[in-house]
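Colleague: File protein.csv follows (CSV, C-alpha atoms (C1' of nucleotides)):
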```csv
chain,number,residue,atom,x,y,z
C,1360,MET,CA,-106.4,33.3,133.5
C,1361,SER,CA,-105.3,29.8,132.6
C,1362,GLU,CA,-103.4,27.0,134.0
C,1363,ALA,CA,-104.7,24.4,131.6
C,1364,GLU,CA,-104.3,26.6,128.5
C,1365,GLU,CA,-103.0,23.9,126.2
C,1366,PRO,CA,-106.1,21.8,126.0
C,1367,MET,CA,-108.2,24.8,125.1
C,1368,ARG,CA,-105.8,25.8,122.4
C,1369,LEU,CA,-106.2,22.3,121.0
C,1370,VAL,CA,-110.0,22.6,121.1
C,1371,HIS,CA,-109.8,25.8,119.1
C,1372,LEU,CA,-107.4,24.2,116.6
C,1373,LEU,CA,-109.9,21.4,116.1
C,1374,ARG,CA,-112.7,23.8,115.5
C,1375,GLY,CA,-110.6,25.8,113.2
C,1376,LEU,CA,-109.7,22.7,111.2
C,1377,THR,CA,-113.3,21.7,110.8
C,1378,VAL,CA,-114.2,25.2,109.7
C,1379,GLU,CA,-111.4,25.1,107.0
C,1380,LEU,CA,-112.5,21.7,105.8
C,1381,ASP,CA,-116.1,22.9,105.6
C,1382,LEU,CA,-115.1,26.0,103.6
C,1383,PHE,CA,-113.0,23.9,101.3
C,1384,GLY,CA,-115.9,21.6,100.6
C,1385,ALA,CA,-118.4,24.5,100.2
C,1386,GLU,CA,-116.1,26.3,97.7
C,1387,PHE,CA,-115.4,23.1,95.8
C,1388,ALA,CA,-119.1,22.4,95.6
C,1389,ALA,CA,-119.9,25.9,94.4
C,1390,ARG,CA,-117.2,25.8,91.8
C,1391,HIS,CA,-118.8,22.6,90.3
C,1392,GLY,CA,-122.4,23.9,90.5
C,1393,LEU,CA,-123.5,21.8,93.3
C,1394,HIS,CA,-124.8,22.5,96.9
C,1395,PRO,CA,-123.0,21.4,100.1
C,1396,THR,CA,-125.6,18.7,100.5
C,1397,ASP,CA,-124.9,17.4,97.1
C,1398,LEU,CA,-121.3,17.0,97.9
C,1399,ARG,CA,-122.0,15.3,101.2
C,1400,ALA,CA,-124.3,12.9,99.4
C,1401,LEU,CA,-121.6,12.2,96.8
C,1402,ILE,CA,-119.0,11.5,99.5
C,1403,HIS,CA,-121.4,9.1,101.1
C,1404,LEU,CA,-122.2,7.3,97.9
C,1405,LEU,CA,-118.6,7.0,96.9
C,1406,ASP,CA,-117.7,5.6,100.3
C,1407,ALA,CA,-120.4,3.1,100.1
C,1408,ALA,CA,-119.5,2.1,96.5
C,1409,ARG,CA,-115.9,1.5,97.6
C,1410,ALA,CA,-117.1,-0.6,100.5
C,1411,GLY,CA,-119.4,-2.5,98.1
C,1412,GLU,CA,-122.6,-1.5,99.9
C,1413,VAL,CA,-125.9,-0.9,98.2
C,1414,VAL,CA,-127.4,2.5,98.9
C,1415,THR,CA,-131.0,3.3,98.5
C,1416,PRO,CA,-132.7,6.7,98.7
C,1417,GLY,CA,-134.0,5.8,102.2
C,1418,ARG,CA,-130.5,5.0,103.5
C,1419,LEU,CA,-129.0,8.1,101.9
C,1420,GLY,CA,-131.7,10.4,103.3
C,1421,GLU,CA,-131.2,8.9,106.8
C,1422,ALA,CA,-127.4,9.5,106.6
C,1423,LEU,CA,-127.9,13.1,105.5
C,1424,ARG,CA,-130.9,13.8,107.8
C,1425,LEU,CA,-133.2,14.6,105.0
C,1426,ASN,CA,-136.8,13.5,104.8
C,1427,SER,CA,-138.1,11.5,101.8
C,1428,ALA,CA,-139.2,14.5,99.8
C,1429,GLY,CA,-135.9,16.3,100.3
C,1430,THR,CA,-134.0,13.1,99.3
C,1431,THR,CA,-136.1,12.8,96.1
C,1432,GLY,CA,-135.2,16.3,95.2
C,1433,LEU,CA,-131.5,15.7,95.9
C,1434,LEU,CA,-131.4,12.7,93.8
C,1435,ASP,CA,-133.3,14.5,90.9
C,1436,ARG,CA,-130.5,17.0,91.1
C,1437,LEU,CA,-127.7,14.5,91.1
C,1438,GLU,CA,-129.3,12.5,88.3
C,1439,ARG,CA,-129.8,15.6,86.2
C,1440,LEU,CA,-126.1,16.4,86.6
C,1441,GLY,CA,-125.3,12.8,85.4
C,1442,LEU,CA,-123.6,11.9,88.7
C,1443,VAL,CA,-126.0,9.2,89.8
C,1444,ARG,CA,-128.4,6.7,88.2
C,1445,ARG,CA,-131.5,5.2,89.7
C,1446,GLU,CA,-132.1,1.5,89.2
C,1447,ARG,CA,-135.0,-0.6,90.5
C,1448,ASP,CA,-133.9,-3.4,92.8
C,1449,PRO,CA,-135.0,-6.6,91.0
C,1450,GLN,CA,-135.2,-8.5,94.4
C,1451,ASP,CA,-137.6,-6.0,96.0
C,1452,ARG,CA,-139.1,-3.7,93.5
C,1453,ARG,CA,-140.1,-1.1,96.0
C,1454,LYS,CA,-136.4,-0.3,96.4
C,1455,VAL,CA,-134.2,1.8,94.2
C,1456,ARG,CA,-130.5,1.3,93.9
C,1457,LEU,CA,-128.3,4.3,93.5
C,1458,VAL,CA,-125.5,3.8,91.1
C,1459,VAL,CA,-122.7,6.3,90.9
C,1460,GLU,CA,-121.6,7.3,87.4
C,1461,GLU,CA,-118.1,7.6,86.1
C,1462,ARG,CA,-118.3,11.3,86.2
C,1463,ALA,CA,-119.0,11.2,89.9
C,1464,ILE,CA,-115.9,9.2,90.6
C,1465,GLU,CA,-113.8,11.6,88.6
C,1466,LEU,CA,-115.4,14.5,90.5
C,1467,GLY,CA,-114.5,12.7,93.7
C,1468,GLN,CA,-110.9,12.4,92.6
C,1469,GLY,CA,-110.9,16.1,91.9
C,1470,PHE,CA,-112.1,16.8,95.4
C,1471,PHE,CA,-110.1,14.2,97.3
C,1472,GLY,CA,-107.2,13.6,95.0
C,1473,GLY,CA,-105.7,17.0,95.4
C,1474,LEU,CA,-106.4,17.6,99.1
C,1475,ILE,CA,-105.7,14.0,100.2
C,1476,GLY,CA,-102.4,14.0,98.4
C,1477,ASP,CA,-101.3,17.1,100.2
C,1478,LEU,CA,-102.5,15.8,103.6
C,1479,VAL,CA,-100.6,12.6,103.1
C,1480,ALA,CA,-97.5,14.5,102.1
C,1481,ALA,CA,-97.7,16.6,105.2
C,1482,MET,CA,-98.0,13.5,107.3
C,1483,GLY,CA,-94.8,12.3,105.8
C,1484,ARG,CA,-93.0,14.9,108.1
C,1485,PHE,CA,-94.2,12.9,111.1
C,1486,ASP,CA,-92.6,9.6,112.2
C,1487,PRO,CA,-94.7,6.5,112.7
C,1488,ALA,CA,-94.9,6.9,116.5
C,1489,GLU,CA,-96.2,10.4,116.1
C,1490,LEU,CA,-98.8,9.4,113.6
C,1491,ALA,CA,-99.9,6.7,116.0
C,1492,THR,CA,-100.3,9.3,118.7
C,1493,ALA,CA,-102.3,11.5,116.3
C,1494,ARG,CA,-104.5,8.6,115.4
C,1495,ARG,CA,-105.2,7.8,119.1
C,1496,PHE,CA,-106.0,11.5,119.6
C,1497,LEU,CA,-108.4,11.8,116.7
C,1498,LEU,CA,-110.1,8.6,117.7
C,1499,ALA,CA,-110.5,9.8,121.3
C,1500,MET,CA,-112.0,13.2,120.1
C,1501,THR,CA,-114.3,11.5,117.7
C,1502,GLU,CA,-115.6,9.3,120.4
C,1503,VAL,CA,-116.3,12.2,122.7
C,1504,VAL,CA,-118.2,14.1,120.0
C,1505,ALA,CA,-120.2,11.0,119.0
C,1506,ALA,CA,-121.0,10.3,122.6
C,1507,ALA,CA,-122.1,13.9,123.1
C,1508,ARG,CA,-124.5,13.5,120.2
C,1509,GLU,CA,-126.7,11.2,122.3
C,1510,ALA,CA,-128.1,13.6,124.9
K,497,MET,CA,-103.3,-2.4,97.8
K,498,SER,CA,-101.6,-0.5,100.5
K,499,GLU,CA,-98.2,-0.1,101.9
K,500,ALA,CA,-99.0,3.5,103.1
K,501,GLU,CA,-102.3,2.6,104.7
K,502,GLU,CA,-101.9,4.5,107.9
K,503,PRO,CA,-102.0,8.0,106.4
K,504,MET,CA,-105.2,7.2,104.5
K,505,ARG,CA,-106.7,5.9,107.7
K,506,LEU,CA,-105.8,9.2,109.3
K,507,VAL,CA,-107.4,11.2,106.5
K,508,HIS,CA,-110.6,9.2,107.0
K,509,LEU,CA,-110.5,9.8,110.7
K,510,LEU,CA,-110.1,13.5,110.1
K,511,ARG,CA,-113.1,13.5,107.8
K,512,GLY,CA,-115.2,11.5,110.2
K,513,LEU,CA,-114.4,13.9,113.0
K,514,THR,CA,-115.5,16.9,111.0
K,515,VAL,CA,-118.7,15.1,110.1
K,516,GLU,CA,-119.4,14.3,113.7
K,517,LEU,CA,-118.7,17.9,114.8
K,518,ASP,CA,-121.0,19.2,112.0
K,519,LEU,CA,-123.8,16.9,113.0
K,520,PHE,CA,-123.4,17.9,116.6
K,521,GLY,CA,-123.7,21.5,115.7
K,522,ALA,CA,-126.6,21.0,113.4
K,523,GLU,CA,-128.5,19.0,116.0
K,524,PHE,CA,-127.7,21.5,118.7
K,525,ALA,CA,-128.9,24.3,116.4
K,526,ALA,CA,-132.2,22.5,115.6
K,527,ARG,CA,-132.9,21.8,119.2
K,528,HIS,CA,-132.7,25.5,119.9
K,529,GLY,CA,-134.8,26.6,116.9
K,530,LEU,CA,-132.0,28.0,114.9
K,531,HIS,CA,-130.3,27.2,111.6
K,532,PRO,CA,-126.7,26.0,111.1
K,533,THR,CA,-125.9,29.4,109.8
K,534,ASP,CA,-127.2,31.1,112.9
K,535,LEU,CA,-125.0,28.9,115.1
K,536,ARG,CA,-122.0,29.7,112.9
K,537,ALA,CA,-122.8,33.4,113.3
K,538,LEU,CA,-123.2,33.1,117.0
K,539,ILE,CA,-119.8,31.4,117.3
K,540,HIS,CA,-118.2,34.1,115.3
K,541,LEU,CA,-119.8,36.8,117.4
K,542,LEU,CA,-118.9,35.2,120.7
K,543,ASP,CA,-115.3,34.7,119.6
K,544,ALA,CA,-115.0,38.3,118.5
K,545,ALA,CA,-116.6,39.5,121.8
K,546,ARG,CA,-114.1,37.6,123.8
K,547,ALA,CA,-111.3,39.1,121.7
K,548,GLY,CA,-112.8,42.5,122.3
K,549,GLU,CA,-113.3,43.1,118.6
K,550,VAL,CA,-116.2,45.1,117.1
K,551,VAL,CA,-118.3,43.1,114.5
K,552,THR,CA,-120.4,44.8,111.9
K,553,PRO,CA,-122.9,43.2,109.6
K,554,GLY,CA,-120.4,43.6,106.8
K,555,ARG,CA,-117.7,41.8,108.6
K,556,LEU,CA,-120.0,39.0,109.7
K,557,GLY,CA,-121.4,38.5,106.3
K,558,GLU,CA,-117.8,38.3,104.9
K,559,ALA,CA,-116.9,35.7,107.5
K,560,LEU,CA,-119.9,33.5,106.7
K,561,ARG,CA,-119.8,34.1,103.0
K,562,LEU,CA,-123.2,35.7,102.8
K,563,ASN,CA,-124.1,38.7,100.7
K,564,SER,CA,-125.6,41.8,102.4
K,565,ALA,CA,-129.2,40.8,101.9
K,566,GLY,CA,-128.6,37.4,103.4
K,567,THR,CA,-126.7,39.0,106.3
K,568,THR,CA,-129.6,41.4,107.0
K,569,GLY,CA,-132.0,38.4,107.1
K,570,LEU,CA,-129.7,36.5,109.4
K,571,LEU,CA,-129.4,39.4,111.8
K,572,ASP,CA,-133.2,39.9,111.8
K,573,ARG,CA,-133.5,36.3,112.8
K,574,LEU,CA,-130.9,36.6,115.6
K,575,GLU,CA,-132.4,39.9,116.8
K,576,ARG,CA,-135.9,38.4,116.9
K,577,LEU,CA,-134.6,35.6,119.0
K,578,GLY,CA,-133.1,38.1,121.4
K,579,LEU,CA,-129.5,36.9,120.8
K,580,VAL,CA,-128.1,40.0,119.2
K,581,ARG,CA,-128.8,43.7,119.3
K,582,ARG,CA,-128.0,46.3,116.6
K,583,GLU,CA,-126.4,49.6,117.6
K,584,ARG,CA,-125.4,52.4,115.4
K,585,ASP,CA,-121.8,53.2,115.6
K,586,PRO,CA,-121.5,56.8,116.9
K,587,GLN,CA,-118.2,57.4,115.2
K,588,ASP,CA,-119.3,56.4,111.7
K,589,ARG,CA,-123.0,56.3,111.6
K,590,ARG,CA,-123.2,54.2,108.5
K,591,LYS,CA,-122.0,51.3,110.5
K,592,VAL,CA,-123.9,49.0,112.9
K,593,ARG,CA,-122.3,47.4,115.9
K,594,LEU,CA,-123.5,43.9,116.7
K,595,VAL,CA,-123.8,43.4,120.5
K,596,VAL,CA,-124.4,39.9,121.8
K,597,GLU,CA,-127.0,39.6,124.5
K,598,GLU,CA,-126.7,37.7,127.7
K,599,ARG,CA,-128.9,34.9,126.3
K,600,ALA,CA,-126.5,34.3,123.5
K,601,ILE,CA,-123.6,33.9,125.9
K,602,GLU,CA,-125.6,31.3,127.9
K,603,LEU,CA,-126.5,29.5,124.7
K,604,GLY,CA,-122.8,29.5,123.8
K,605,GLN,CA,-122.1,27.9,127.2
K,606,GLY,CA,-124.7,25.3,126.5
K,607,PHE,CA,-123.1,24.4,123.2
K,608,PHE,CA,-119.4,24.7,124.2
K,609,GLY,CA,-119.6,24.1,127.9
K,610,GLY,CA,-120.7,20.5,127.6
K,611,LEU,CA,-118.7,19.4,124.6
K,612,ILE,CA,-115.5,21.3,125.5
K,613,GLY,CA,-115.5,20.0,129.0
K,614,ASP,CA,-115.7,16.4,127.6
K,615,LEU,CA,-113.0,17.1,125.1
K,616,VAL,CA,-110.6,18.6,127.6
K,617,ALA,CA,-111.3,15.6,129.9
K,618,ALA,CA,-110.4,13.2,127.2
K,619,MET,CA,-107.2,15.1,126.6
K,620,GLY,CA,-106.3,14.5,130.2
K,621,ARG,CA,-105.6,10.9,129.2
K,622,PHE,CA,-102.6,12.1,127.0
K,623,ASP,CA,-99.3,13.3,128.4
K,624,PRO,CA,-97.9,16.7,127.5
K,625,ALA,CA,-95.6,15.4,124.9
K,626,GLU,CA,-98.4,13.6,123.2
K,627,LEU,CA,-100.6,16.7,123.3
K,628,ALA,CA,-97.8,18.7,121.7
K,629,THR,CA,-97.6,16.1,118.9
K,630,ALA,CA,-101.3,16.3,118.4
K,631,ARG,CA,-101.1,20.1,118.3
K,632,ARG,CA,-98.3,20.0,115.6
K,633,PHE,CA,-100.3,17.5,113.7
K,634,LEU,CA,-103.5,19.6,113.7
K,635,LEU,CA,-101.6,22.7,112.8
K,636,ALA,CA,-100.0,21.0,109.9
K,637,MET,CA,-103.3,19.6,108.6
K,638,THR,CA,-105.0,23.0,109.0
K,639,GLU,CA,-102.2,24.7,107.0
K,640,VAL,CA,-102.6,22.2,104.2
K,641,VAL,CA,-106.3,22.7,103.9
K,642,ALA,CA,-106.0,26.5,104.1
K,643,ALA,CA,-103.3,26.4,101.4
K,644,ALA,CA,-105.5,24.2,99.2
K,645,ARG,CA,-108.3,26.8,99.5
K,646,GLU,CA,-106.3,29.1,97.3
K,647,ALA,CA,-106.5,27.4,93.9
P,664,DA,C1',-156.1,-17.6,97.2
P,665,DG,C1',-157.2,-12.9,98.9
P,666,DC,C1',-156.9,-8.9,101.9
P,667,DA,C1',-154.9,-6.1,105.5
P,668,DA,C1',-150.7,-4.1,107.2
P,669,DG,C1',-146.2,-2.6,106.4
P,670,DT,C1',-142.3,-0.6,103.6
P,671,DA,C1',-139.9,2.3,99.9
P,672,DT,C1',-140.3,6.0,97.0
P,673,DC,C1',-142.4,9.8,94.9
P,674,DT,C1',-145.8,14.1,94.2
P,675,DC,C1',-147.8,18.3,95.7
P,676,DG,C1',-148.0,22.7,97.9
P,677,DC,C1',-145.6,25.5,101.0
P,678,DT,C1',-142.0,28.0,104.0
P,679,DG,C1',-138.0,30.4,104.4
P,680,DA,C1',-132.7,31.0,103.6
P,681,DG,C1',-130.0,33.3,100.6
P,682,DC,C1',-129.1,35.9,96.0
P,683,DG,C1',-128.9,40.0,92.6
P,684,DA,C1',-130.0,44.6,91.9
P,685,DG,C1',-130.6,48.7,93.6
P,686,DA,C1',-132.2,52.4,97.1
P,687,DG,C1',-131.0,55.3,101.1
P,688,DA,C1',-128.0,57.3,104.4
P,689,DA,C1',-123.6,58.8,106.0
P,690,DT,C1',-118.7,59.9,105.3
P,691,DA,C1',-114.6,61.2,102.5
P,692,DA,C1',-112.2,63.4,98.6
P,693,DG,C1',-111.6,67.2,95.4
O,861,DC,C1',-120.7,71.6,97.9
O,862,DT,C1',-120.7,68.3,94.7
O,863,DT,C1',-119.2,63.7,93.5
O,864,DA,C1',-117.4,59.2,94.6
O,865,DT,C1',-117.3,55.7,98.1
O,866,DT,C1',-118.9,52.9,102.0
O,867,DC,C1',-122.3,50.5,104.8
O,868,DT,C1',-126.7,48.7,105.4
O,869,DC,C1',-131.3,47.7,104.2
O,870,DT,C1',-135.5,46.7,100.9
O,871,DC,C1',-137.6,44.2,97.1
O,872,DG,C1',-138.6,40.4,94.3
O,873,DC,C1',-137.0,36.0,93.2
O,874,DT,C1',-135.1,31.0,93.2
O,875,DC,C1',-134.8,26.8,95.0
O,876,DA,C1',-133.6,23.3,99.1
O,877,DG,C1',-136.1,21.0,102.2
O,878,DC,C1',-140.5,20.0,105.0
O,879,DG,C1',-145.2,17.8,106.0
O,880,DA,C1',-148.9,15.3,104.3
O,881,DG,C1',-150.4,12.1,101.6
O,882,DA,C1',-150.5,9.2,97.1
O,883,DT,C1',-148.6,5.1,94.8
O,884,DA,C1',-146.5,0.7,94.1
O,885,DC,C1',-144.7,-3.3,95.8
O,886,DT,C1',-144.1,-7.0,99.5
O,887,DT,C1',-145.3,-9.8,103.5
O,888,DG,C1',-148.2,-12.0,106.9
O,889,DC,C1',-152.6,-13.7,108.3
O,890,DT,C1',-156.6,-16.4,107.8
```
How would this structure read if it were set down as structure tokens?
Modeller:
Amino acid sequence: MSEAEEPMRLVHLLRGLTVELDLFGAEFAARHGLHPTDLRALIHLLDAARAGEVVTPGRLGEALRLNSAGTTGLLDRLERLGLVRRERDPQDRRKVRLVVEERAIELGQGFFGGLIGDLVAAMGRFDPAELATARRFLLAMTEVVAAAREA
Amino acid sequence: MSEAEEPMRLVHLLRGLTVELDLFGAEFAARHGLHPTDLRALIHLLDAARAGEVVTPGRLGEALRLNSAGTTGLLDRLERLGLVRRERDPQDRRKVRLVVEERAIELGQGFFGGLIGDLVAAMGRFDPAELATARRFLLAMTEVVAAAREA
DNA sequence: AGCAAGTATCTCGCTGAGCGAGAGAATAAG
DNA sequence: CTTATTCTCTCGCTCAGCGAGATACTTGCT
């Protein structure tokens, strides 16, 4: 078996990496009394906050593939934990704005801070040309997966 | 902000890629009437089968972080779908051997076949030296995440 | 203006994945 | 041959997420 072994090994590496990242996230979530979905929601909210975007329950549910009932439940959970606050949008009072609390940002630091620091440090052992190659590679793979999702 | 922008961009790319892969898996699972956990189990079973390893409910549950009750439920589901069969181990009759059915292998082809083919094709646009760099990079990142999981 | 149609969120009742505790059934140790 | 250990399964429960529909607000039509 196997002329073109190397690409397959890369595919398995990619899969292994995503499994590790998922496990890391799940364990972090469990350690802080939240569910994987809660963590995904938090990441989404923090990203949006940093980008200065307003997130509503509808948008969040869409991003996480939850229906409105599930989204309401998720937000009730996050609000009870003091991670998010609901505020009526004064422009369009049907809408609700989701505001992340200080605690959520700290929690995000705990999750990212540690891991991201280590990842960046490990990247330090690659020269700029290599990092550029890695970047191209990741982009190419992401595009393939995203494209495969429409079918 | 930002001398060392590039590494952060890579971190986000990495995260984006895992999100895409997760979504792909979840959508594939839903389309075939199974849950994300079922798909994870199937992947584990197919990997083990290809490596010639015997998988028991205990081992599977450990790999997926399910307790014994949850594992029994998972296997009932997979068995009802005709993807897996339970066989008593004749050596140690407390154990159960999990045997993947033909249908599961076909399903695995459907999941991997398409996506893996596309990924490998996209890798064709990188020369061997670049693929080697990507490999080193993915390995380094995987090690960092795995190490972070002990803490 | 006033009323229909559309949009954003929430409530209610339910299904089912996964948990904790413990029951069997088989093997291993003394 | 009795006791401890190992592997799986059963029972009862909790709670995330779904479908259907209620509610509140906005927009467009006449």
Colleague: Give chain C as a compact mmCIF listing (two decimals) with C-alpha atoms, keeping the file's coordinate frame once it has been least-squares superposed onto chain K over every C-alpha atom, paired in order.
Modeller:
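Output contents, as saved in result-v2.txt:
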```txt
# COMPACT_ATOMS: atom_id res chain seq x y z
CA MET C 1360 -103.45 -2.63 97.92
CA SER C 1361 -101.62 -0.38 100.34
CA GLU C 1362 -98.24 0.19 101.64
CA ALA C 1363 -98.93 3.63 103.04
CA GLU C 1364 -102.27 2.65 104.63
CA GLU C 1365 -101.82 4.60 107.84
CA PRO C 1366 -101.94 8.06 106.41
CA MET C 1367 -105.15 7.31 104.58
CA ARG C 1368 -106.72 5.94 107.70
CA LEU C 1369 -105.83 9.23 109.37
CA VAL C 1370 -107.41 11.21 106.53
CA HIS C 1371 -110.63 9.28 106.98
CA LEU C 1372 -110.53 9.81 110.76
CA LEU C 1373 -110.23 13.53 110.15
CA ARG C 1374 -113.15 13.55 107.83
CA GLY C 1375 -115.14 11.49 110.17
CA LEU C 1376 -114.39 13.89 113.03
CA THR C 1377 -115.50 16.88 111.04
CA VAL C 1378 -118.68 15.10 110.04
CA GLU C 1379 -119.45 14.32 113.78
CA LEU C 1380 -118.74 17.88 114.79
CA ASP C 1381 -120.99 19.16 112.01
CA LEU C 1382 -123.83 16.83 113.05
CA PHE C 1383 -123.42 17.86 116.64
CA GLY C 1384 -123.70 21.50 115.73
CA ALA C 1385 -126.66 20.91 113.34
CA GLU C 1386 -128.59 18.94 116.02
CA PHE C 1387 -127.80 21.50 118.70
CA ALA C 1388 -128.97 24.26 116.42
CA ALA C 1389 -132.19 22.46 115.55
CA ARG C 1390 -132.92 21.71 119.15
CA HIS C 1391 -132.74 25.50 119.95
CA GLY C 1392 -134.76 26.59 116.88
CA LEU C 1393 -131.97 27.99 114.95
CA HIS C 1394 -130.33 27.16 111.52
CA PRO C 1395 -126.71 25.98 111.09
CA THR C 1396 -125.86 29.42 109.81
CA ASP C 1397 -127.24 31.00 112.87
CA LEU C 1398 -125.04 28.94 115.03
CA ARG C 1399 -121.97 29.65 112.95
CA ALA C 1400 -122.74 33.35 113.19
CA LEU C 1401 -123.13 33.05 116.98
CA ILE C 1402 -119.78 31.25 117.31
CA HIS C 1403 -118.18 33.99 115.32
CA LEU C 1404 -119.71 36.76 117.34
CA LEU C 1405 -118.84 35.17 120.61
CA ASP C 1406 -115.25 34.68 119.51
CA ALA C 1407 -114.99 38.21 118.48
CA ALA C 1408 -116.61 39.50 121.72
CA ARG C 1409 -114.07 37.50 123.75
CA ALA C 1410 -111.25 38.93 121.68
CA GLY C 1411 -112.74 42.43 122.16
CA GLU C 1412 -113.30 43.03 118.45
CA VAL C 1413 -116.14 45.02 117.01
CA VAL C 1414 -118.22 43.14 114.47
CA THR C 1415 -120.37 44.78 111.94
CA PRO C 1416 -122.89 43.16 109.58
CA GLY C 1417 -120.38 43.57 106.70
CA ARG C 1418 -117.62 41.73 108.59
CA LEU C 1419 -119.99 38.98 109.73
CA GLY C 1420 -121.39 38.43 106.23
CA GLU C 1421 -117.83 38.23 104.80
CA ALA C 1422 -116.84 35.60 107.44
CA LEU C 1423 -119.92 33.51 106.69
CA ARG C 1424 -119.87 34.07 102.89
CA LEU C 1425 -123.22 35.65 102.81
CA ASN C 1426 -124.13 38.66 100.72
CA SER C 1427 -125.60 41.82 102.32
CA ALA C 1428 -129.20 40.80 101.91
CA GLY C 1429 -128.61 37.36 103.38
CA THR C 1430 -126.71 38.94 106.33
CA THR C 1431 -129.63 41.35 106.98
CA GLY C 1432 -131.97 38.45 107.13
CA LEU C 1433 -129.67 36.52 109.48
CA LEU C 1434 -129.37 39.34 111.80
CA ASP C 1435 -133.23 39.96 111.76
CA ARG C 1436 -133.46 36.37 112.86
CA LEU C 1437 -130.90 36.60 115.60
CA GLU C 1438 -132.35 39.88 116.86
CA ARG C 1439 -135.85 38.46 116.90
CA LEU C 1440 -134.59 35.56 119.02
CA GLY C 1441 -133.03 38.15 121.45
CA LEU C 1442 -129.49 36.85 120.82
CA VAL C 1443 -128.06 39.97 119.24
CA ARG C 1444 -128.67 43.74 119.32
CA ARG C 1445 -127.94 46.25 116.62
CA GLU C 1446 -126.36 49.53 117.64
CA ARG C 1447 -125.34 52.43 115.39
CA ASP C 1448 -121.64 53.21 115.56
CA PRO C 1449 -121.47 56.80 116.90
CA GLN C 1450 -118.02 57.34 115.16
CA ASP C 1451 -119.28 56.40 111.68
CA ARG C 1452 -122.99 56.29 111.52
CA ARG C 1453 -123.13 54.19 108.43
CA LYS C 1454 -121.87 51.29 110.55
CA VAL C 1455 -123.80 49.06 112.87
CA ARG C 1456 -122.28 47.35 115.83
CA LEU C 1457 -123.46 43.92 116.74
CA VAL C 1458 -123.78 43.35 120.40
CA VAL C 1459 -124.30 39.88 121.75
CA GLU C 1460 -126.94 39.52 124.46
CA GLU C 1461 -126.68 37.62 127.68
CA ARG C 1462 -128.85 34.92 126.35
CA ALA C 1463 -126.43 34.31 123.52
CA ILE C 1464 -123.56 33.78 125.88
CA GLU C 1465 -125.56 31.33 127.91
CA LEU C 1466 -126.53 29.53 124.69
CA GLY C 1467 -122.85 29.41 123.83
CA GLN C 1468 -122.06 27.84 127.17
CA GLY C 1469 -124.72 25.27 126.49
CA PHE C 1470 -123.11 24.41 123.20
CA PHE C 1471 -119.46 24.63 124.19
CA GLY C 1472 -119.61 24.05 127.89
CA GLY C 1473 -120.73 20.49 127.67
CA LEU C 1474 -118.72 19.36 124.63
CA ILE C 1475 -115.56 21.33 125.52
CA GLY C 1476 -115.55 19.92 129.00
CA ASP C 1477 -115.66 16.40 127.69
CA LEU C 1478 -112.95 17.08 125.07
CA VAL C 1479 -110.69 18.52 127.70
CA ALA C 1480 -111.31 15.56 129.96
CA ALA C 1481 -110.41 13.18 127.20
CA MET C 1482 -107.22 15.07 126.59
CA GLY C 1483 -106.34 14.53 130.17
CA ARG C 1484 -105.52 10.83 129.19
CA PHE C 1485 -102.68 12.15 127.04
CA ASP C 1486 -99.35 13.37 128.47
CA PRO C 1487 -98.00 16.79 127.60
CA ALA C 1488 -95.61 15.48 124.92
CA GLU C 1489 -98.45 13.73 123.19
CA LEU C 1490 -100.65 16.76 123.25
CA ALA C 1491 -97.79 18.72 121.76
CA THR C 1492 -97.55 16.21 118.96
CA ALA C 1493 -101.33 16.44 118.41
CA ARG C 1494 -101.13 20.18 118.31
CA ARG C 1495 -98.30 20.10 115.69
CA PHE C 1496 -100.42 17.64 113.69
CA LEU C 1497 -103.60 19.69 113.75
CA LEU C 1498 -101.68 22.80 112.88
CA ALA C 1499 -99.97 21.07 109.93
CA MET C 1500 -103.40 19.75 108.60
CA THR C 1501 -105.01 23.09 109.02
CA GLU C 1502 -102.31 24.72 107.05
CA VAL C 1503 -102.64 22.27 104.21
CA VAL C 1504 -106.42 22.76 104.01
CA ALA C 1505 -106.09 26.56 104.17
CA ALA C 1506 -103.44 26.49 101.52
CA ALA C 1507 -105.62 24.29 99.33
CA ARG C 1508 -108.38 26.86 99.60
CA GLU C 1509 -106.40 29.26 97.40
CA ALA C 1510 -106.50 27.51 94.03
```
Colleague: Counting only C-alpha atoms (C1' of nucleotides), which of C:Gly1417, C:Gly1441, C:Gly1432, C:Gly1472 gets nearest to DT670 (chain P)?
Modeller: C:Gly1417
Colleague: Would you write out, as JSON lines, a table of all residues in chain O that have an atom no more than 8 Å from an atom of chain K, listing for each the closest atom pair and the distance in Å to one decimal, considering all atoms listed in the file and ordering rows by chain and rising residue number?
Modeller:
```
{"residue": "O:DT866", "atom": "C1'", "partner": "K:Arg590", "partner_atom": "CA", "distance": 7.9}
{"residue": "O:DC867", "atom": "C1'", "partner": "K:Arg590", "partner_atom": "CA", "distance": 5.3}
{"residue": "O:DT868", "atom": "C1'", "partner": "K:Arg590", "partner_atom": "CA", "distance": 7.2}
{"residue": "O:DC869", "atom": "C1'", "partner": "K:Thr568", "partner_atom": "CA", "distance": 7.1}
```
Colleague: So that I can check the surroundings of DG881 (chain O), please list as a PyMOL selection string every protein, DNA and RNA residue that reaches within 12 Å of it, counting only C-alpha atoms (C1' of nucleotides) and ignoring chain neighbours fewer than 5 positions away.
Modeller: (chain C and resi 1428) or (chain P and resi 673-676)
Colleague: Tell me, counting only C-alpha atoms (C1' of nucleotides), for each residue of chain P within 12 Å of region 525-548 of chain K, which pair of atoms is nearest and how far apart they are in Å to one decimal, in rows ordered by chain and increasing number, as a tab-separated table.
Modeller:
```
residue	atom	partner	partner_atom	distance
P:DG679	C1'	K:His531	CA	11.0
P:DA680	C1'	K:His531	CA	9.2
P:DG681	C1'	K:Thr533	CA	10.8
```
